[in-house]
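With PDB, N, CA and C atoms inside, this is final_20.pdb:
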ATOM      1  N   MET Y  29      35.464  -2.840  21.772  1.00  0.00           N
ATOM      2  CA  MET Y  29      34.250  -2.125  21.419  1.00  0.00           C
ATOM      3  C   MET Y  29      33.219  -2.341  22.518  1.00  0.00           C
ATOM      4  N   VAL Y  30      32.649  -1.229  23.000  1.00  0.00           N
ATOM      5  CA  VAL Y  30      31.690  -1.292  24.091  1.00  0.00           C
ATOM      6  C   VAL Y  30      30.282  -1.351  23.512  1.00  0.00           C
ATOM      7  N   PHE Y  31      29.494  -2.261  24.026  1.00  0.00           N
ATOM      8  CA  PHE Y  31      28.118  -2.444  23.573  1.00  0.00           C
ATOM      9  C   PHE Y  31      27.203  -1.585  24.442  1.00  0.00           C
ATOM     10  N   ASP Y  32      26.498  -0.633  23.821  1.00  0.00           N
ATOM     11  CA  ASP Y  32      25.603   0.262  24.556  1.00  0.00           C
ATOM     12  C   ASP Y  32      24.164  -0.193  24.330  1.00  0.00           C
ATOM     13  N   GLU Y  33      23.667  -0.959  25.289  1.00  0.00           N
ATOM     14  CA  GLU Y  33      22.329  -1.538  25.183  1.00  0.00           C
ATOM     15  C   GLU Y  33      21.244  -0.464  25.136  1.00  0.00           C
ATOM     16  N   LYS Y  34      21.381   0.579  25.915  1.00  0.00           N
ATOM     17  CA  LYS Y  34      20.373   1.658  25.957  1.00  0.00           C
ATOM     18  C   LYS Y  34      20.288   2.384  24.609  1.00  0.00           C
ATOM     19  N   LYS Y  35      21.445   2.641  24.002  1.00  0.00           N
ATOM     20  CA  LYS Y  35      21.461   3.320  22.708  1.00  0.00           C
ATOM     21  C   LYS Y  35      20.808   2.445  21.642  1.00  0.00           C
ATOM     22  N   LEU Y  36      21.131   1.161  21.677  1.00  0.00           N
ATOM     23  CA  LEU Y  36      20.532   0.225  20.725  1.00  0.00           C
ATOM     24  C   LEU Y  36      19.014   0.196  20.899  1.00  0.00           C
ATOM     25  N   GLU Y  37      18.567   0.171  22.138  1.00  0.00           N
ATOM     26  CA  GLU Y  37      17.126   0.156  22.420  1.00  0.00           C
ATOM     27  C   GLU Y  37      16.464   1.426  21.889  1.00  0.00           C
ATOM     28  N   ARG Y  38      17.085   2.585  22.102  1.00  0.00           N
ATOM     29  CA  ARG Y  38      16.541   3.858  21.590  1.00  0.00           C
ATOM     30  C   ARG Y  38      16.491   3.857  20.063  1.00  0.00           C
ATOM     31  N   ASP Y  39      17.567   3.359  19.443  1.00  0.00           N
ATOM     32  CA  ASP Y  39      17.622   3.308  17.980  1.00  0.00           C
ATOM     33  C   ASP Y  39      16.504   2.423  17.418  1.00  0.00           C
ATOM     34  N   VAL Y  40      16.298   1.271  18.042  1.00  0.00           N
ATOM     35  CA  VAL Y  40      15.254   0.358  17.584  1.00  0.00           C
ATOM     36  C   VAL Y  40      13.878   1.010  17.761  1.00  0.00           C
ATOM     37  N   LYS Y  41      13.664   1.640  18.910  1.00  0.00           N
ATOM     38  CA  LYS Y  41      12.375   2.304  19.152  1.00  0.00           C
ATOM     39  C   LYS Y  41      12.140   3.422  18.146  1.00  0.00           C
ATOM     40  N   ASP Y  42      13.183   4.191  17.853  1.00  0.00           N
ATOM     41  CA  ASP Y  42      13.055   5.273  16.870  1.00  0.00           C
ATOM     42  C   ASP Y  42      12.708   4.726  15.486  1.00  0.00           C
ATOM     43  N   LYS Y  43      13.372   3.665  15.106  1.00  0.00           N
ATOM     44  CA  LYS Y  43      13.105   3.070  13.790  1.00  0.00           C
ATOM     45  C   LYS Y  43      11.697   2.482  13.743  1.00  0.00           C
ATOM     46  N   MET Y  44      11.254   1.874  14.815  1.00  0.00           N
ATOM     47  CA  MET Y  44       9.899   1.321  14.876  1.00  0.00           C
ATOM     48  C   MET Y  44       8.856   2.431  14.778  1.00  0.00           C
ATOM     49  N   GLU Y  45       9.078   3.527  15.461  1.00  0.00           N
ATOM     50  CA  GLU Y  45       8.142   4.649  15.409  1.00  0.00           C
ATOM     51  C   GLU Y  45       8.104   5.248  14.014  1.00  0.00           C
ATOM     52  N   SER Y  46       9.254   5.370  13.394  1.00  0.00           N
ATOM     53  CA  SER Y  46       9.324   5.887  12.029  1.00  0.00           C
ATOM     54  C   SER Y  46       8.565   4.970  11.076  1.00  0.00           C
ATOM     55  N   ALA Y  47       8.753   3.668  11.230  1.00  0.00           N
ATOM     56  CA  ALA Y  47       8.050   2.699  10.375  1.00  0.00           C
ATOM     57  C   ALA Y  47       6.544   2.777  10.615  1.00  0.00           C
ATOM     58  N   ARG Y  48       6.133   2.902  11.873  1.00  0.00           N
ATOM     59  CA  ARG Y  48       4.703   3.029  12.203  1.00  0.00           C
ATOM     60  C   ARG Y  48       4.094   4.243  11.524  1.00  0.00           C
ATOM     61  N   GLN Y  49       4.814   5.348  11.541  1.00  0.00           N
ATOM     62  CA  GLN Y  49       4.317   6.571  10.906  1.00  0.00           C
ATOM     63  C   GLN Y  49       4.184   6.394   9.403  1.00  0.00           C
ATOM     64  N   ARG Y  50       5.180   5.789   8.777  1.00  0.00           N
ATOM     65  CA  ARG Y  50       5.123   5.563   7.324  1.00  0.00           C
ATOM     66  C   ARG Y  50       3.985   4.627   6.956  1.00  0.00           C
ATOM     67  N   ILE Y  51       3.793   3.587   7.747  1.00  0.00           N
ATOM     68  CA  ILE Y  51       2.699   2.649   7.492  1.00  0.00           C
ATOM     69  C   ILE Y  51       1.363   3.358   7.652  1.00  0.00           C
ATOM     70  N   GLY Y  52       1.239   4.191   8.666  1.00  0.00           N
ATOM     71  CA  GLY Y  52       0.004   4.956   8.868  1.00  0.00           C
ATOM     72  C   GLY Y  52      -0.281   5.885   7.706  1.00  0.00           C
ATOM     73  N   GLU Y  53       0.750   6.542   7.201  1.00  0.00           N
ATOM     74  CA  GLU Y  53       0.583   7.437   6.063  1.00  0.00           C
ATOM     75  C   GLU Y  53       0.137   6.664   4.821  1.00  0.00           C
ATOM     76  N   LYS Y  54       0.780   5.518   4.575  1.00  0.00           N
ATOM     77  CA  LYS Y  54       0.420   4.689   3.418  1.00  0.00           C
ATOM     78  C   LYS Y  54      -1.002   4.161   3.557  1.00  0.00           C
ATOM     79  N   TYR Y  55      -1.381   3.786   4.778  1.00  0.00           N
ATOM     80  CA  TYR Y  55      -2.741   3.304   5.023  1.00  0.00           C
ATOM     81  C   TYR Y  55      -3.757   4.397   4.708  1.00  0.00           C
ATOM     82  N   ASP Y  56      -3.504   5.598   5.196  1.00  0.00           N
ATOM     83  CA  ASP Y  56      -4.411   6.714   4.932  1.00  0.00           C
ATOM     84  C   ASP Y  56      -4.509   7.008   3.437  1.00  0.00           C
ATOM     85  N   GLU Y  57      -3.362   6.991   2.779  1.00  0.00           N
ATOM     86  CA  GLU Y  57      -3.303   7.249   1.341  1.00  0.00           C
ATOM     87  C   GLU Y  57      -4.097   6.191   0.565  1.00  0.00           C
ATOM     88  N   THR Y  58      -3.895   4.938   0.940  1.00  0.00           N
ATOM     89  CA  THR Y  58      -4.583   3.839   0.268  1.00  0.00           C
ATOM     90  C   THR Y  58      -6.079   3.879   0.542  1.00  0.00           C
ATOM     91  N   SER Y  59      -6.470   4.177   1.766  1.00  0.00           N
ATOM     92  CA  SER Y  59      -7.883   4.273   2.108  1.00  0.00           C
ATOM     93  C   SER Y  59      -8.573   5.352   1.287  1.00  0.00           C
ATOM     94  N   LYS Y  60      -7.912   6.482   1.144  1.00  0.00           N
ATOM     95  CA  LYS Y  60      -8.470   7.577   0.362  1.00  0.00           C
ATOM     96  C   LYS Y  60      -8.641   7.157  -1.095  1.00  0.00           C
ATOM     97  N   MET Y  61      -7.628   6.473  -1.643  1.00  0.00           N
ATOM     98  CA  MET Y  61      -7.680   6.030  -3.029  1.00  0.00           C
ATOM     99  C   MET Y  61      -8.809   5.011  -3.234  1.00  0.00           C
ATOM    100  N   VAL Y  62      -8.988   4.104  -2.284  1.00  0.00           N
ATOM    101  CA  VAL Y  62     -10.055   3.105  -2.382  1.00  0.00           C
ATOM    102  C   VAL Y  62     -11.414   3.789  -2.352  1.00  0.00           C
ATOM    103  N   CYS Y  63     -11.585   4.767  -1.481  1.00  0.00           N
ATOM    104  CA  CYS Y  63     -12.861   5.493  -1.405  1.00  0.00           C
ATOM    105  C   CYS Y  63     -13.153   6.225  -2.716  1.00  0.00           C
ATOM    106  N   GLU Y  64     -12.132   6.821  -3.300  1.00  0.00           N
ATOM    107  CA  GLU Y  64     -12.317   7.515  -4.576  1.00  0.00           C
ATOM    108  C   GLU Y  64     -12.725   6.538  -5.665  1.00  0.00           C
ATOM    109  N   ARG Y  65     -12.055   5.394  -5.728  1.00  0.00           N
ATOM    110  CA  ARG Y  65     -12.381   4.370  -6.743  1.00  0.00           C
ATOM    111  C   ARG Y  65     -13.790   3.841  -6.523  1.00  0.00           C
ATOM    112  N   GLU Y  66     -14.149   3.643  -5.270  1.00  0.00           N
ATOM    113  CA  GLU Y  66     -15.488   3.147  -4.949  1.00  0.00           C
ATOM    114  C   GLU Y  66     -16.552   4.127  -5.454  1.00  0.00           C
ATOM    115  N   GLU Y  67     -16.324   5.396  -5.255  1.00  0.00           N
ATOM    116  CA  GLU Y  67     -17.264   6.416  -5.720  1.00  0.00           C
ATOM    117  C   GLU Y  67     -17.330   6.434  -7.245  1.00  0.00           C
ATOM    118  N   GLN Y  68     -16.187   6.263  -7.905  1.00  0.00           N
ATOM    119  CA  GLN Y  68     -16.173   6.228  -9.374  1.00  0.00           C
ATOM    120  C   GLN Y  68     -16.988   5.046  -9.892  1.00  0.00           C
ATOM    121  N   VAL Y  69     -16.824   3.889  -9.278  1.00  0.00           N
ATOM    122  CA  VAL Y  69     -17.579   2.706  -9.695  1.00  0.00           C
ATOM    123  C   VAL Y  69     -19.066   2.917  -9.440  1.00  0.00           C
ATOM    124  N   ALA Y  70     -19.402   3.455  -8.283  1.00  0.00           N
ATOM    125  CA  ALA Y  70     -20.813   3.710  -7.965  1.00  0.00           C
ATOM    126  C   ALA Y  70     -21.430   4.673  -8.974  1.00  0.00           C
ATOM    127  N   GLU Y  71     -20.690   5.671  -9.382  1.00  0.00           N
ATOM    128  CA  GLU Y  71     -21.193   6.631 -10.371  1.00  0.00           C
ATOM    129  C   GLU Y  71     -21.432   5.946 -11.712  1.00  0.00           C
ATOM    130  N   LYS Y  72     -20.493   5.093 -12.125  1.00  0.00           N
ATOM    131  CA  LYS Y  72     -20.668   4.352 -13.381  1.00  0.00           C
ATOM    132  C   LYS Y  72     -21.908   3.468 -13.324  1.00  0.00           C
ATOM    133  N   ILE Y  73     -22.124   2.830 -12.183  1.00  0.00           N
ATOM    134  CA  ILE Y  73     -23.304   1.973 -12.028  1.00  0.00           C
ATOM    135  C   ILE Y  73     -24.577   2.808 -12.083  1.00  0.00           C
ATOM    136  N   ARG Y  74     -24.570   3.978 -11.464  1.00  0.00           N
ATOM    137  CA  ARG Y  74     -25.751   4.852 -11.504  1.00  0.00           C
ATOM    138  C   ARG Y  74     -26.051   5.325 -12.924  1.00  0.00           C
ATOM    139  N   GLU Y  75     -24.998   5.516 -13.719  1.00  0.00           N
ATOM    140  CA  GLU Y  75     -25.182   5.980 -15.091  1.00  0.00           C
ATOM    141  C   GLU Y  75     -25.849   4.911 -15.956  1.00  0.00           C
ATOM    142  N   ARG Y  76     -25.475   3.643 -15.775  1.00  0.00           N
ATOM    143  CA  ARG Y  76     -25.989   2.565 -16.619  1.00  0.00           C
ATOM    144  C   ARG Y  76     -26.259   1.319 -15.769  1.00  0.00           C
ATOM    145  N   PRO Y  77     -27.281   1.355 -14.941  1.00  0.00           N
ATOM    146  CA  PRO Y  77     -27.514   0.235 -14.025  1.00  0.00           C
ATOM    147  C   PRO Y  77     -27.855  -1.081 -14.733  1.00  0.00           C
ATOM    148  N   LEU Y  78     -28.634  -1.034 -15.800  1.00  0.00           N
ATOM    149  CA  LEU Y  78     -29.015  -2.282 -16.464  1.00  0.00           C
ATOM    150  C   LEU Y  78     -27.813  -2.963 -17.104  1.00  0.00           C
ATOM    151  N   THR Y  79     -26.912  -2.197 -17.642  1.00  0.00           N
ATOM    152  CA  THR Y  79     -25.697  -2.761 -18.220  1.00  0.00           C
ATOM    153  C   THR Y  79     -24.907  -3.510 -17.158  1.00  0.00           C
ATOM    154  N   TRP Y  80     -24.792  -2.919 -15.979  1.00  0.00           N
ATOM    155  CA  TRP Y  80     -24.042  -3.551 -14.896  1.00  0.00           C
ATOM    156  C   TRP Y  80     -24.745  -4.793 -14.375  1.00  0.00           C
ATOM    157  N   VAL Y  81     -26.077  -4.746 -14.290  1.00  0.00           N
ATOM    158  CA  VAL Y  81     -26.827  -5.924 -13.837  1.00  0.00           C
ATOM    159  C   VAL Y  81     -26.647  -7.059 -14.843  1.00  0.00           C
ATOM    160  N   ALA Y  82     -26.764  -6.733 -16.124  1.00  0.00           N
ATOM    161  CA  ALA Y  82     -26.589  -7.751 -17.161  1.00  0.00           C
ATOM    162  C   ALA Y  82     -25.163  -8.319 -17.120  1.00  0.00           C
ATOM    163  N   GLY Y  83     -24.181  -7.450 -16.948  1.00  0.00           N
ATOM    164  CA  GLY Y  83     -22.794  -7.910 -16.859  1.00  0.00           C
ATOM    165  C   GLY Y  83     -22.570  -8.816 -15.663  1.00  0.00           C
ATOM    166  N   ALA Y  84     -23.150  -8.454 -14.541  1.00  0.00           N
ATOM    167  CA  ALA Y  84     -23.008  -9.272 -13.333  1.00  0.00           C
ATOM    168  C   ALA Y  84     -23.682 -10.628 -13.537  1.00  0.00           C
ATOM    169  N   PHE Y  85     -24.843 -10.610 -14.178  1.00  0.00           N
ATOM    170  CA  PHE Y  85     -25.554 -11.854 -14.453  1.00  0.00           C
ATOM    171  C   PHE Y  85     -24.723 -12.761 -15.354  1.00  0.00           C
ATOM    172  N   LEU Y  86     -24.200 -12.200 -16.433  1.00  0.00           N
ATOM    173  CA  LEU Y  86     -23.386 -12.993 -17.354  1.00  0.00           C
ATOM    174  C   LEU Y  86     -22.118 -13.518 -16.677  1.00  0.00           C
ATOM    175  N   ALA Y  87     -21.486 -12.687 -15.875  1.00  0.00           N
ATOM    176  CA  ALA Y  87     -20.292 -13.127 -15.150  1.00  0.00           C
ATOM    177  C   ALA Y  87     -20.641 -14.281 -14.215  1.00  0.00           C
ATOM    178  N   GLY Y  88     -21.788 -14.199 -13.571  1.00  0.00           N
ATOM    179  CA  GLY Y  88     -22.245 -15.287 -12.700  1.00  0.00           C
ATOM    180  C   GLY Y  88     -22.491 -16.568 -13.470  1.00  0.00           C
ATOM    181  N   MET Y  89     -23.075 -16.439 -14.643  1.00  0.00           N
ATOM    182  CA  MET Y  89     -23.333 -17.613 -15.481  1.00  0.00           C
ATOM    183  C   MET Y  89     -22.010 -18.269 -15.897  1.00  0.00           C
ATOM    184  N   VAL Y  90     -21.067 -17.452 -16.341  1.00  0.00           N
ATOM    185  CA  VAL Y  90     -19.766 -17.987 -16.768  1.00  0.00           C
ATOM    186  C   VAL Y  90     -19.065 -18.671 -15.600  1.00  0.00           C
ATOM    187  N   LEU Y  91     -19.037 -18.025 -14.457  1.00  0.00           N
ATOM    188  CA  LEU Y  91     -18.393 -18.636 -13.287  1.00  0.00           C
ATOM    189  C   LEU Y  91     -19.092 -19.923 -12.883  1.00  0.00           C
ATOM    190  N   SER Y  92     -20.410 -19.915 -12.946  1.00  0.00           N
ATOM    191  CA  SER Y  92     -21.169 -21.118 -12.609  1.00  0.00           C
ATOM    192  C   SER Y  92     -20.799 -22.273 -13.522  1.00  0.00           C
ATOM    193  N   LYS Y  93     -20.720 -21.999 -14.821  1.00  0.00           N
ATOM    194  CA  LYS Y  93     -20.339 -23.033 -15.779  1.00  0.00           C
ATOM    195  C   LYS Y  93     -18.923 -23.536 -15.514  1.00  0.00           C
ATOM    196  N   LEU Y  94     -18.010 -22.610 -15.279  1.00  0.00           N
ATOM    197  CA  LEU Y  94     -16.622 -23.001 -15.040  1.00  0.00           C
ATOM    198  C   LEU Y  94     -16.463 -23.821 -13.769  1.00  0.00           C
ATOM    199  N   LEU Y  95     -17.178 -23.434 -12.732  1.00  0.00           N
ATOM    200  CA  LEU Y  95     -17.031 -24.110 -11.447  1.00  0.00           C
ATOM    201  C   LEU Y  95     -17.781 -25.431 -11.391  1.00  0.00           C
ATOM    202  N   SER Y  96     -18.802 -25.600 -12.234  1.00  0.00           N
ATOM    203  CA  SER Y  96     -19.592 -26.827 -12.173  1.00  0.00           C
ATOM    204  C   SER Y  96     -19.093 -27.882 -13.148  1.00  0.00           C
ATOM    205  N   ARG Y  97     -18.074 -27.564 -13.925  1.00  0.00           N
ATOM    206  CA  ARG Y  97     -17.513 -28.553 -14.856  1.00  0.00           C
ATOM    207  C   ARG Y  97     -16.919 -29.716 -14.095  1.00  0.00           C
ATOM    208  N   ARG Y  98     -17.263 -30.880 -14.558  1.00  0.00           N
ATOM    209  CA  ARG Y  98     -16.706 -32.084 -13.931  1.00  0.00           C
ATOM    210  C   ARG Y  98     -16.012 -32.892 -14.996  1.00  0.00           C
ATOM    211  N   ASP Y  99     -14.740 -33.045 -14.826  1.00  0.00           N
ATOM    212  CA  ASP Y  99     -13.956 -33.802 -15.824  1.00  0.00           C
ATOM    213  C   ASP Y  99     -13.929 -35.264 -15.530  1.00  0.00           C
TER
END

Just give me the structure as structure tokens.
Amino acid sequence: MVFDEKKLERDVKDKMESARQRIGEKYDETSKMVCEREEQVAEKIRERPLTWVAGAFLAGMVLSKLLSRRD
């Protein structure tokens, strides 16, 4: 069996390029989804800002209590 180094190199490069393209597509897809979710959250906050401030405050209080516990 003859080992064709050039063919192997081309095959690896082709597979790497294909993987790069798929990763780029997934990145774009994920970025778009994150932006959409971010806008949805921002809209919810605009609808009821005091509720969100109160929730954030309470979450901070709970985390503070949990993190400051000393056994």

Please report, as lines of an AutoDock Vina configuration file, the centre and edge lengths in Å to one decimal of an axis-aligned box covering all listed atoms of segment 53-61 of chain Y with 5 Å per side.
center_x = -4.0
center_y = 5.4
center_z = 2.0
size_x = 19.6
size_y = 14.3
size_z = 20.4

**Request:** Find the distance between atom C of Gly83 of chain Y and atom N of Val69 of chain Y and write it in Å to one decimal.
**Result:** 15.3 Å

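The interatomic distance for the pair atom CA of Lys43 of chain Y and atom N of Tyr55 of chain Y works out to 17.1 Å.
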
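For the pair atom CA of Glu57 of chain Y and atom CA of Arg74 of chain Y, the interatomic distance is 26.0 Å.
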